[in-house]
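S.K.: I am attaching a structure below and will ask some questions about it afterwards.
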Amino acid sequence: MAVPATAIAVLAFNHATHTLGPANGVLFINLVPLTSFAIEAVRGHRPTTAEITGVALTLAVGVANNLYSRRIPGRVAPAPAGKTGKTLTTVA
């Protein structure tokens, strides 16, 4: 039973990453340990200081990365040389 479930999970994750893009896919995969933490907390597990620190650090880095990647709205990465239709010239 584990092999088909694992195969379906991998295919679903690959499809989601393709749909959402790699940056959002990475953010999603970082939420997996946080989800496990939340499930265990609901089941009655008392988190340690290290666990809470890890959750806070993971959330802070995820939010900071997301904000950093969106810091200049509408900014597009420059096209590679030769793909713009313009020629490179030097100014003397």
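Residues in the structure tokens are named by chain (A, B, ... in the order shown) and by number from 1 within that chain; ligands are numbered from 1 in the order shown.
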As a ChimeraX atom specification, which residues of stretch 7-86 of chain A does DSSP assign to helix (DSSP H, G or I)?

M.R.: /A:7-20,22-30,32-42,49-69

S.K.: Can I get the selection written as a compact mmCIF listing (two decimals), in the first residue's frame, with C-alpha atoms?

M.R.:
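As written to disk, selection.txt reads:
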```
# COMPACT_ATOMS: atom_id res chain seq x y z
CA ALA A 7 4.07 7.28 -6.23
CA ILE A 8 0.83 9.29 -6.23
CA ALA A 9 2.28 11.74 -3.70
CA VAL A 10 5.42 12.30 -5.80
CA LEU A 11 3.40 12.79 -8.99
CA ALA A 12 1.04 15.20 -7.23
CA PHE A 13 3.96 17.21 -5.82
CA ASN A 14 5.64 17.34 -9.24
CA HIS A 15 2.42 18.57 -10.83
CA ALA A 16 1.92 21.18 -8.11
CA THR A 17 5.51 22.42 -8.47
CA HIS A 18 5.08 22.66 -12.23
CA THR A 19 1.81 24.57 -11.77
CA LEU A 20 2.89 26.90 -8.94
CA PRO A 22 9.71 26.25 -8.27
CA ALA A 23 9.86 29.11 -5.75
CA ASN A 24 6.39 28.41 -4.39
CA GLY A 25 7.04 24.66 -4.51
CA VAL A 26 10.00 25.08 -2.21
CA LEU A 27 7.92 27.19 0.16
CA PHE A 28 5.28 24.47 0.18
CA ILE A 29 7.73 21.66 0.97
CA ASN A 30 9.05 23.70 3.90
CA VAL A 32 5.52 19.85 5.70
CA PRO A 33 7.38 19.77 9.06
CA LEU A 34 5.20 22.61 10.34
CA THR A 35 2.09 20.61 9.46
CA SER A 36 3.46 17.61 11.36
CA PHE A 37 4.20 19.88 14.32
CA ALA A 38 0.65 21.28 14.26
CA ILE A 39 -0.92 17.80 14.06
CA GLU A 40 1.12 16.59 17.02
CA ALA A 41 0.24 19.73 19.00
CA VAL A 42 -3.47 19.04 18.41
CA THR A 49 11.70 25.25 23.24
CA ALA A 50 13.81 23.88 20.39
CA GLU A 51 10.69 22.82 18.46
CA ILE A 52 9.06 26.21 18.88
CA THR A 53 12.29 27.92 17.84
CA GLY A 54 12.44 25.72 14.73
CA VAL A 55 8.85 26.54 13.80
CA ALA A 56 9.44 30.27 14.29
CA LEU A 57 12.66 30.16 12.27
CA THR A 58 11.04 28.21 9.42
CA LEU A 59 8.09 30.60 9.27
CA ALA A 60 10.31 33.69 9.46
CA VAL A 61 12.59 32.48 6.66
CA GLY A 62 9.61 31.52 4.50
CA VAL A 63 7.99 34.93 4.91
CA ALA A 64 11.29 36.77 4.44
CA ASN A 65 12.07 34.81 1.26
CA ASN A 66 8.61 35.48 -0.13
CA LEU A 67 8.84 39.21 0.61
CA TYR A 68 12.38 39.40 -0.78
CA SER A 69 11.37 37.75 -4.04
```
